[in-house]
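The next block holds one structure in the form of structure tokens; read it before the comments.
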Amino acid sequence: MKILAKKDLVDVLKTWSDSYDVFAPSMKETGDVIFDRFDADTFTLDYGKPSLPQKSEFLPQSEILFELKKGEYREVMAGSGKMLFGMRACDVMGMRQAGSFMNRDVTDPYYKSKEEGILKVVMACSGPQNETCFCTTVGSGPFAETGFDLQLYDLGDEFLVEAESGRGKQLIANGPFGEVADAGVGTKIEEFKVDASKAVEEVPALREAMKRLRDGSVSEKVWDYFGRKCIVCGGCVFVCPTCTCFNVSDFETKPGEGLRVRSWDACLFGGFTREASGHNPRGNQALRLKRRHEHKLLYYNETDILEGLCGCVGCGRCSDYCPVHIGTLEVVKAIAED
Amino acid sequence: MAGLAAAFGSGAMTNSISEVEEAELFFITGTNTTAQHPLIGTRIINAKERGAKIILADPRKIQLADYADIHLRHNIGTDVALLNGIMNIIIEEDIYDREYVEERTENFDQLKAVVSRYTPRVVEQITGVRASDLEDAARAYATTEKAMLLYAMGITQHATGTDNVKTCANLAMLTGHVGRPSTGVNPLRGQNNVQGACDMGGLPNVFSGYQQVANEEVRKKFEEAWGVEKLDGKVGLTITKMMAAAQKGDLKALYIMGENPMLSDPDSSHIELALSNLDFLVVQDIFMSETARLADVVLPATSFAEKSGTYTNTERKVQIAHKAIDPLGSAKDDWEIICEVSRRSGYPMNYSSTRDILKEINELTPSYAGITYERLVKGYGLQWPCPTEEHPGTPYLHKGKFTKGLGSFLPCDFKPVSEVPDEEYDFLLTTGRVYYHFHTGTMTRRISILEREAPEPLVEINPDDARRLGIKNNDEVELISRRGSIKVKAEVTDRVPKRVVFSTFHFHEAPVNLLTNPVFDPVSGIPEYKGCAVRVRRCA
């Protein structure tokens, strides 16, 4: 554990930028904060919940797997020297769960090559970032237990900096990072963790919904209600840290030349499960929504969820963004109250 | 556009998208909102869940039909009769907004005279809508304070499109539903910048901001600004008239940007003849479309991701966008191509960026005067009219008085579709879009997932008709009109009423516009895509 004065943070990021492609919260002219290449002028710590998880760093919205040129195939494998500064604990858990899934039986080299290169610097949350956060219910936050290179705890004028990996330890070996002199620092961290955890409200409906799903006692009416109003935009899937479904397609760029590309897909699209015969085992939107939520809350793989409770990491983004309010929070409440 | 401009003095959505959530009642007609304007559709659903009522007037059972308190499934092309019938009841029951009508409108007596002929019984005969449903709809719309009318191409794409729009405007004025938040008459524009294209003078009769070319003072202003003499004051041709003129040989050259009339215009075999008859055809597009293939010169333009500039959306909001990547290959921005063409034709245009062009727009277009680059980059857009740099923009129009002063009732009589089904062609074909594809598919059909979701054209046919003709789901059927025929697979569904079939125009493999009827609204020139007579046959 080391200590860093808050005023030194921008200089540290500048130094790190010499060796890494640092992505950090950046306040744009409109007031929006996005994760962008570090820029001292627009850098901000006032960013709450990042609008998107960092999923696209490992699984880009679309990526070329290989090219066909002059009669030869060439695999396209991109590594990454990126540092993601300011990740949230829920997203770290999401990334770990997704990584476990993608590499469990067979290693996905495209995913893995990106995952390995990235440095993860987590900013522990001192409480919920907005009203849809429920990390404490699913065991993903508000601070990360593991899976990071560095984790910062904001104590006001200074950060306590925790290194997990060897690379993390190297990063804070010198420079303005000071040794912790204060013997009470252990207590301070514990207090931070306890207070932060208390501040994030539990969602008992989630456990209740999981139980009811296990018991098979959920009425189809719940799914019909949501299925009727879903507009099939796939937004909940795209903002979800643990959704990794993709589609693979080929493009001809010139006669005799082409690309194989994979891109994000969504189980909420009818064609995702439609079979060659035309039959669709998930033949309507209600069934597709049921499948998606059962996947997160019932049929998740025990190996992949790691220390979490289920396949949802409680970031609450589906509830933040669904234009007709079909987020996990709304769904589990509807199930629990049914 | 033309209909609303005549009634109110402005041809755009009167209200804002965010106001949709606050409305207490919706009158929705000719818009499959959740499929074609999904985010506006979601606001309707949210409002409904909070207690708003929905009156849906649509022959098809669209997703919003599940939410409708009253679904009026009127016969195709009977919109004027339906709306006149509703007004008849409102006047008859004396639930119209008398004060509003007296203070803010003109021509009420004429309206009264026309709609008096549309008694519920007469309207029931024409539209197939039960008189009691019509009465319920009339009462609910007239007596709800925040009642919002929404329409799209189901209203406009008829030979009587302008009449349909005028009649929508009549209904809203009669009940005082224009000039306040969460009410109004709201045409939903189908493309992100079709409002902007009209605003910038992409019409045959106006310069930017709807300044008439026929007006000498206006011409003088533009002549001075552009340093030219004698701008032509003659109104030009609409697309549909251009095609006719090309076929006749009166029109020699055509410069088409980002349009694919080979798939999007009615009676497409005639379009091919017309375009082939030109001496010179230039097409500026991002892909080699069906139309570009016919061109003498193809100019490669940039896609949205490669260009910067502004878009004006359906709620009159001007928003700025910055390019994400540099143009690929030899593509250039549309404005750069136009400048190059202009320079080589002897009139150099000296713009260095879209920012320069926006500055000129600000100077020459009163409704855009305050929508400057500096303001746009700092926010989320500004809604016109925005006459000065201090003006906050206008979320809803016609507050206190109409843009043209008094709102004009422009009563219309019902006229049936131009091609009524008969014994030989016994179905009405109505055309539209699916959720997954945009227009003629030049962009969306290149996206593998969208192509997977909707890989081929389907024709919706009612189960009763299907049974009678021996058609099962996914059977190949032939649709035959007086102009051509196509083969498509059948989707047997009660989404369409009996004797109506619905198909889409996205697919070059089975271009539905081979069948459609090239009759046009006399004012706007819009074709009658929403109704023509066809025969349906199961392929062996």
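By order in the structure tokens, chains are A, B, ...; within a chain, residues start at 1; ligands start at 1, following the order shown.
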
Exercise for the section: Please provide as a PyMOL selection string all residues within 9 Å of region 7-15 of chain B, with the sequence filter that same-chain residues fewer than 3 positions apart are discarded (counting only C-alpha atoms). Expected result: chain B and resi 1-4+18-20+148+150+166+169-170+178-189+195+210+314-316+394-398+402-410

Exercise for the section: Compute the set of chain A residues within 8 Å of chain B, using only C-alpha atoms, and express it as a VMD selection string. Expected result: chain A and resid 29 to 30 228 to 229 231 247 249 265 269 to 271 323 to 324

Exercise for the section: Within region 134-206 of chain B, find each residue whose DSSP state, derived from the backbone, is strand (DSSP E or B), and express the selection as a list in words. Expected result: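 Those in region 134-206 of chain B that DSSP calls strand (DSSP E or B) are Ala147, Met148, Leu149, Leu150, Tyr151, Val185, Asn186, Pro187 and Val206 of chain B.
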
File of the preceding selection, C-alpha atoms, as a compact mmCIF listing (two decimals), in the first residue's frame:
```txt
# COMPACT_ATOMS: atom_id res chain seq x y z
CA ALA B 147 -53.75 15.68 -26.78
CA MET B 148 -50.97 15.19 -29.26
CA LEU B 149 -51.43 14.21 -32.87
CA LEU B 150 -48.64 12.21 -34.52
CA TYR B 151 -48.45 11.13 -38.13
CA VAL B 185 -49.56 18.30 -35.02
CA ASN B 186 -46.41 16.30 -35.34
CA PRO B 187 -45.25 14.86 -38.64
CA VAL B 206 -37.71 27.98 -51.82
```

Problem - Who sits within 12 Å of Glu102 (chain B), only C-alpha atoms, same chain under 2 positions skipped, as number ranges by chain - result: B: 96-100, 104-109, 173-176, 406-409

Please produce a file of the residues just selected, as a CSV table (one decimal), in the first residue's frame, where the atoms kept are N, CA and C atoms.
```csv
chain,number,residue,atom,x,y,z
B,96,TYR,N,-66.0,21.4,-29.3
B,96,TYR,CA,-64.8,22.1,-29.9
B,96,TYR,C,-64.4,23.3,-29.1
B,97,ASP,N,-63.2,23.8,-29.3
B,97,ASP,CA,-62.7,24.9,-28.5
B,97,ASP,C,-63.2,26.2,-29.2
B,98,ARG,N,-64.3,26.7,-28.8
B,98,ARG,CA,-65.0,27.8,-29.4
B,98,ARG,C,-64.1,29.1,-29.3
B,99,GLU,N,-63.5,29.3,-28.2
B,99,GLU,CA,-62.7,30.5,-28.0
B,99,GLU,C,-61.5,30.5,-28.9
B,100,TYR,N,-60.8,29.3,-28.9
B,100,TYR,CA,-59.7,29.2,-29.8
B,100,TYR,C,-60.0,29.4,-31.2
B,104,ARG,N,-58.2,32.5,-32.9
B,104,ARG,CA,-56.9,32.1,-33.5
B,104,ARG,C,-57.0,31.6,-34.9
B,105,THR,N,-58.3,31.4,-35.4
B,105,THR,CA,-58.4,30.7,-36.7
B,105,THR,C,-59.3,31.4,-37.7
B,106,GLU,N,-59.3,31.0,-38.9
B,106,GLU,CA,-60.2,31.6,-39.9
B,106,GLU,C,-60.8,30.4,-40.7
B,107,ASN,N,-61.9,30.7,-41.3
B,107,ASN,CA,-62.5,29.7,-42.2
B,107,ASN,C,-63.4,28.7,-41.6
B,108,PHE,N,-63.8,28.9,-40.3
B,108,PHE,CA,-64.5,27.9,-39.6
B,108,PHE,C,-65.8,27.5,-40.3
B,109,ASP,N,-66.5,28.5,-40.8
B,109,ASP,CA,-67.8,28.2,-41.5
B,109,ASP,C,-67.6,27.2,-42.6
B,173,MET,N,-56.7,22.2,-34.8
B,173,MET,CA,-57.2,23.6,-34.5
B,173,MET,C,-58.6,23.7,-33.9
B,174,LEU,N,-59.4,22.8,-34.4
B,174,LEU,CA,-60.8,22.8,-34.0
B,174,LEU,C,-60.9,22.6,-32.4
B,175,THR,N,-59.9,21.8,-31.9
B,175,THR,CA,-60.0,21.4,-30.5
B,175,THR,C,-59.0,22.2,-29.7
B,176,GLY,N,-58.3,23.2,-30.3
B,176,GLY,CA,-57.4,24.1,-29.6
B,176,GLY,C,-56.1,23.4,-29.2
B,406,LEU,N,-53.4,34.1,-38.4
B,406,LEU,CA,-54.6,33.2,-38.0
B,406,LEU,C,-54.3,31.8,-38.7
B,407,GLY,N,-54.6,30.8,-37.9
B,407,GLY,CA,-54.6,29.4,-38.5
B,407,GLY,C,-55.8,29.3,-39.5
B,408,SER,N,-55.5,28.6,-40.6
B,408,SER,CA,-56.6,28.5,-41.6
B,408,SER,C,-57.1,27.1,-41.6
B,409,PHE,N,-58.4,27.0,-41.4
B,409,PHE,CA,-59.1,25.7,-41.7
B,409,PHE,C,-59.1,25.6,-43.2
```

Exercise for the section: Please provide as JSON, numbers by chain all residues within 9 Å of region 118-130 of chain A, with the sequence filter that same-chain residues fewer than 4 positions apart are discarded (counting only C-alpha atoms). Expected result: {"A": [20, 47, 48, 49, 57, 58, 79, 80, 81, 82, 83, 84, 85, 86, 87, 88, 89, 92, 114, 134, 135, 141, 142, 143, 144, 147, 148, 149, 150, 151, 152, 153, 154, 167, 168, 192, 193, 195, 196, 197, 198, 199, 200, 201, 316]}

With N, CA and C atoms kept, could you save the residues just selected as a tab-separated table (two decimals), in the first residue's frame?
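As a result, selection.tsv now contains:
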```
chain	number	residue	atom	x	y	z
A	20	TYR	N	2.46	4.19	-21.65
A	20	TYR	CA	1.21	3.51	-21.98
A	20	TYR	C	0.25	4.45	-22.70
A	47	TYR	N	-16.69	11.67	-12.39
A	47	TYR	CA	-17.25	10.96	-13.53
A	47	TYR	C	-18.27	9.89	-13.16
A	48	GLY	N	-18.47	9.67	-11.89
A	48	GLY	CA	-19.50	8.72	-11.47
A	48	GLY	C	-19.32	7.36	-12.10
A	49	LYS	N	-20.41	6.87	-12.67
A	49	LYS	CA	-20.37	5.58	-13.33
A	49	LYS	C	-20.01	5.83	-14.79
A	57	GLU	N	-12.78	-2.81	-25.14
A	57	GLU	CA	-11.31	-2.94	-25.20
A	57	GLU	C	-10.91	-4.38	-25.46
A	58	PHE	N	-11.75	-5.32	-25.03
A	58	PHE	CA	-11.42	-6.74	-25.19
A	58	PHE	C	-12.22	-7.37	-26.32
A	79	GLY	N	-2.66	-6.67	-30.03
A	79	GLY	CA	-2.38	-6.56	-28.61
A	79	GLY	C	-2.71	-5.15	-28.17
A	80	SER	N	-2.40	-4.81	-26.95
A	80	SER	CA	-2.75	-3.47	-26.52
A	80	SER	C	-1.83	-3.04	-25.41
A	81	GLY	N	-1.29	-1.84	-25.51
A	81	GLY	CA	-0.49	-1.29	-24.42
A	81	GLY	C	-1.31	-0.27	-23.66
A	82	LYS	N	-2.60	-0.55	-23.52
A	82	LYS	CA	-3.47	0.45	-22.91
A	82	LYS	C	-3.49	0.37	-21.40
A	83	MET	N	-3.66	1.50	-20.78
A	83	MET	CA	-3.98	1.55	-19.37
A	83	MET	C	-5.38	2.15	-19.24
A	84	LEU	N	-6.23	1.44	-18.51
A	84	LEU	CA	-7.57	1.98	-18.26
A	84	LEU	C	-7.57	2.53	-16.84
A	85	PHE	N	-7.60	3.84	-16.75
A	85	PHE	CA	-7.54	4.48	-15.43
A	85	PHE	C	-8.95	4.87	-14.99
A	86	GLY	N	-9.31	4.43	-13.79
A	86	GLY	CA	-10.59	4.86	-13.24
A	86	GLY	C	-11.71	3.86	-13.43
A	87	MET	N	-11.34	2.60	-13.72
A	87	MET	CA	-12.38	1.57	-13.84
A	87	MET	C	-13.12	1.43	-12.52
A	88	ARG	N	-14.35	0.95	-12.59
A	88	ARG	CA	-15.12	0.69	-11.38
A	88	ARG	C	-15.09	-0.80	-11.07
A	89	ALA	N	-15.29	-1.13	-9.82
A	89	ALA	CA	-15.18	-2.52	-9.39
A	89	ALA	C	-16.18	-3.44	-10.11
A	92	VAL	N	-14.80	-4.37	-13.36
A	92	VAL	CA	-13.69	-5.31	-13.26
A	92	VAL	C	-14.26	-6.73	-13.12
A	114	LYS	N	-5.85	-9.11	-26.16
A	114	LYS	CA	-6.14	-7.75	-25.72
A	114	LYS	C	-6.20	-7.68	-24.20
A	134	PHE	N	-26.13	-1.61	-7.78
A	134	PHE	CA	-26.42	-2.64	-6.76
A	134	PHE	C	-25.32	-3.69	-6.66
A	135	CYS	N	-24.08	-3.20	-6.67
A	135	CYS	CA	-22.93	-4.12	-6.64
A	135	CYS	C	-22.89	-4.96	-5.37
A	141	GLY	N	-18.72	-5.21	-5.82
A	141	GLY	CA	-18.14	-3.93	-5.43
A	141	GLY	C	-18.59	-3.57	-4.02
A	142	PRO	N	-18.39	-2.34	-3.62
A	142	PRO	CA	-17.98	-1.14	-4.39
A	142	PRO	C	-16.47	-1.02	-4.61
A	143	PHE	N	-15.68	-1.95	-4.11
A	143	PHE	CA	-14.25	-1.96	-4.40
A	143	PHE	C	-13.93	-3.34	-4.95
A	144	ALA	N	-12.81	-3.45	-5.65
A	144	ALA	CA	-12.45	-4.74	-6.25
A	144	ALA	C	-11.63	-5.56	-5.27
A	147	GLY	N	-8.21	-8.80	-9.47
A	147	GLY	CA	-8.42	-8.59	-10.90
A	147	GLY	C	-7.96	-7.24	-11.41
A	148	PHE	N	-7.17	-6.53	-10.61
A	148	PHE	CA	-6.72	-5.20	-11.05
A	148	PHE	C	-5.20	-5.14	-10.95
A	149	ASP	N	-4.61	-4.11	-11.53
A	149	ASP	CA	-3.19	-3.86	-11.31
A	149	ASP	C	-3.01	-2.91	-10.14
A	150	LEU	N	-3.80	-1.83	-10.18
A	150	LEU	CA	-3.77	-0.88	-9.05
A	150	LEU	C	-5.21	-0.56	-8.66
A	151	GLN	N	-5.40	-0.27	-7.37
A	151	GLN	CA	-6.69	0.24	-6.94
A	151	GLN	C	-6.47	1.45	-6.03
A	152	LEU	N	-7.19	2.53	-6.33
A	152	LEU	CA	-7.05	3.76	-5.56
A	152	LEU	C	-8.25	3.95	-4.64
A	153	TYR	N	-7.94	4.34	-3.40
A	153	TYR	CA	-9.00	4.69	-2.44
A	153	TYR	C	-8.90	6.18	-2.19
A	154	ASP	N	-9.96	6.89	-2.43
A	154	ASP	CA	-9.96	8.34	-2.29
A	154	ASP	C	-10.23	8.71	-0.83
A	167	ARG	N	3.12	-5.82	-12.24
A	167	ARG	CA	3.19	-4.60	-13.05
A	167	ARG	C	2.70	-3.40	-12.25
A	168	GLY	N	1.66	-3.65	-11.44
A	168	GLY	CA	1.12	-2.59	-10.60
A	168	GLY	C	2.16	-2.11	-9.60
A	192	PHE	N	-13.22	2.73	5.16
A	192	PHE	CA	-13.66	3.13	3.81
A	192	PHE	C	-14.53	2.03	3.21
A	193	LYS	N	-14.06	0.78	3.31
A	193	LYS	CA	-14.77	-0.34	2.70
A	193	LYS	C	-16.13	-0.57	3.36
A	195	ASP	N	-17.95	1.62	5.12
A	195	ASP	CA	-18.86	2.74	4.83
A	195	ASP	C	-19.37	2.67	3.40
A	196	ALA	N	-18.46	2.37	2.49
A	196	ALA	CA	-18.85	2.32	1.08
A	196	ALA	C	-19.89	1.23	0.86
A	197	SER	N	-19.64	0.07	1.45
A	197	SER	CA	-20.57	-1.05	1.26
A	197	SER	C	-21.93	-0.74	1.85
A	198	LYS	N	-21.91	-0.09	3.01
A	198	LYS	CA	-23.19	0.26	3.65
A	198	LYS	C	-23.98	1.24	2.80
A	199	ALA	N	-23.24	2.11	2.12
A	199	ALA	CA	-23.91	3.18	1.36
A	199	ALA	C	-24.64	2.65	0.12
A	200	VAL	N	-24.23	1.49	-0.36
A	200	VAL	CA	-24.90	0.93	-1.55
A	200	VAL	C	-26.06	0.05	-1.10
A	201	GLU	N	-27.22	0.44	-1.49
A	201	GLU	CA	-28.42	-0.25	-1.00
A	201	GLU	C	-28.53	-1.67	-1.56
A	316	GLY	N	-26.06	-1.78	-13.21
A	316	GLY	CA	-27.31	-1.05	-13.37
A	316	GLY	C	-27.47	-0.31	-14.68
```

Completion exercise
Shortest contact to Cys90 (chain A), candidates A:Lys254, A:Lys6, A:Lys70, A:Arg317, atoms counted only C-alpha atoms, goes to A:Arg317

Practice task
Compile the contact shell of Phe207 (chain B) as JSON, numbers by chain: residues with an atom at most 10 Å away, counting only C-alpha atoms, same-chain residues fewer than 3 positions apart removed.
Solution key: {"B": [198, 199, 200, 201, 202, 203, 204, 210, 211, 212, 213, 214, 218, 219, 222, 364, 365]}

Got time to write the residues from that selection, C-alpha atoms, as an mmCIF file, in the first residue's frame?
```cif
data_model
loop_
_atom_site.group_PDB
_atom_site.id
_atom_site.type_symbol
_atom_site.label_atom_id
_atom_site.label_comp_id
_atom_site.auth_asym_id
_atom_site.auth_seq_id
_atom_site.Cartn_x
_atom_site.Cartn_y
_atom_site.Cartn_z
ATOM 1 C CA CYS B 198 -36.099 21.000 -46.629
ATOM 2 C CA ASP B 199 -34.954 23.809 -44.327
ATOM 3 C CA MET B 200 -31.943 24.405 -46.567
ATOM 4 C CA GLY B 201 -34.103 24.817 -49.637
ATOM 5 C CA GLY B 202 -33.987 21.282 -50.996
ATOM 6 C CA LEU B 203 -37.391 21.940 -52.518
ATOM 7 C CA PRO B 204 -38.284 23.386 -55.920
ATOM 8 C CA TYR B 210 -38.596 28.580 -46.792
ATOM 9 C CA GLN B 211 -37.852 31.938 -48.411
ATOM 10 C CA GLN B 212 -39.765 31.855 -51.672
ATOM 11 C CA VAL B 213 -37.816 31.949 -54.922
ATOM 12 C CA ALA B 214 -40.753 33.773 -56.488
ATOM 13 C CA VAL B 218 -35.667 37.385 -51.350
ATOM 14 C CA ARG B 219 -33.931 36.795 -54.653
ATOM 15 C CA PHE B 222 -29.404 35.971 -52.226
ATOM 16 C CA LEU B 364 -29.172 34.396 -44.835
ATOM 17 C CA THR B 365 -31.763 32.365 -42.934
#
```

Practice task
Have a look at CA of Gly184 (chain A) and CA of Thr146 (chain A) and let me know their distance in Å, one decimal.
Solution key: 22.8 Å

Find the spatial neighbours of region 282-295 of chain A, counting only C-alpha atoms, within a cut-off of 6 Å - ignore same-chain residues fewer than 5 positions away - and output them as a PDB file with N, CA and C atoms, in the first residue's frame.
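See around.pdb below for the written result:
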```pdb
ATOM      1  N   TRP A 223     -42.989 -11.980 -18.306  1.00  0.00           N
ATOM      2  CA  TRP A 223     -42.237 -11.866 -19.557  1.00  0.00           C
ATOM      3  C   TRP A 223     -43.108 -11.267 -20.658  1.00  0.00           C
ATOM      4  N   ASP A 224     -44.379 -11.613 -20.657  1.00  0.00           N
ATOM      5  CA  ASP A 224     -45.279 -11.042 -21.668  1.00  0.00           C
ATOM      6  C   ASP A 224     -45.349  -9.519 -21.531  1.00  0.00           C
ATOM      7  N   GLY A 227     -42.086  -8.243 -22.822  1.00  0.00           N
ATOM      8  CA  GLY A 227     -41.945  -8.553 -24.251  1.00  0.00           C
ATOM      9  C   GLY A 227     -42.789  -7.642 -25.120  1.00  0.00           C
ATOM     10  N   LEU A 268     -31.472 -10.862 -27.964  1.00  0.00           N
ATOM     11  CA  LEU A 268     -32.829 -10.295 -28.057  1.00  0.00           C
ATOM     12  C   LEU A 268     -33.282 -10.132 -29.497  1.00  0.00           C
ATOM     13  N   TYR A 300     -26.467 -19.310 -15.374  1.00  0.00           N
ATOM     14  CA  TYR A 300     -25.064 -18.902 -15.497  1.00  0.00           C
ATOM     15  C   TYR A 300     -24.184 -20.093 -15.136  1.00  0.00           C
TER      16      TYR A 300
END
```

Handout entry: Spatial neighbours of Cys236 (chain A), 9 Å, only C-alpha atoms, chain gap at least 4 places, as a VMD selection string
Key = chain A and resid 240 317 to 319 321 to 322 326 to 327

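For the pair CA of Asp108 (chain A) and CA of Pro241 (chain A), the interatomic distance is 17.3 Å.
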
Handout entry: Interatomic distance (Å, one decimal) between CA of Ser524 (chain B) and CA of Asn205 (chain B)
Key =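 Result for CA of Ser524 (chain B) versus CA of Asn205 (chain B): 11.0 Å, one decimal.
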
Problem - Counting only C-alpha atoms, the residue of A:Ser56, A:Ser277, A:Phe38, A:Asp320 that sits nearest Asp18 (chain A) - result: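 When distances to Asp18 (chain A) are compared using only C-alpha atoms, the smallest one comes from A:Phe38.
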
Practice task
Would you return as a PyMOL selection string the members of region 165-393 of chain B that DSSP assigns to helix (DSSP H, G or I) on this structure's backbone?
Solution key: chain B and resi 165-174+194-199+208-210+216-226+239-248+261-264+268-276+292-294+304-306+334-344+354-364+366-368+373-376
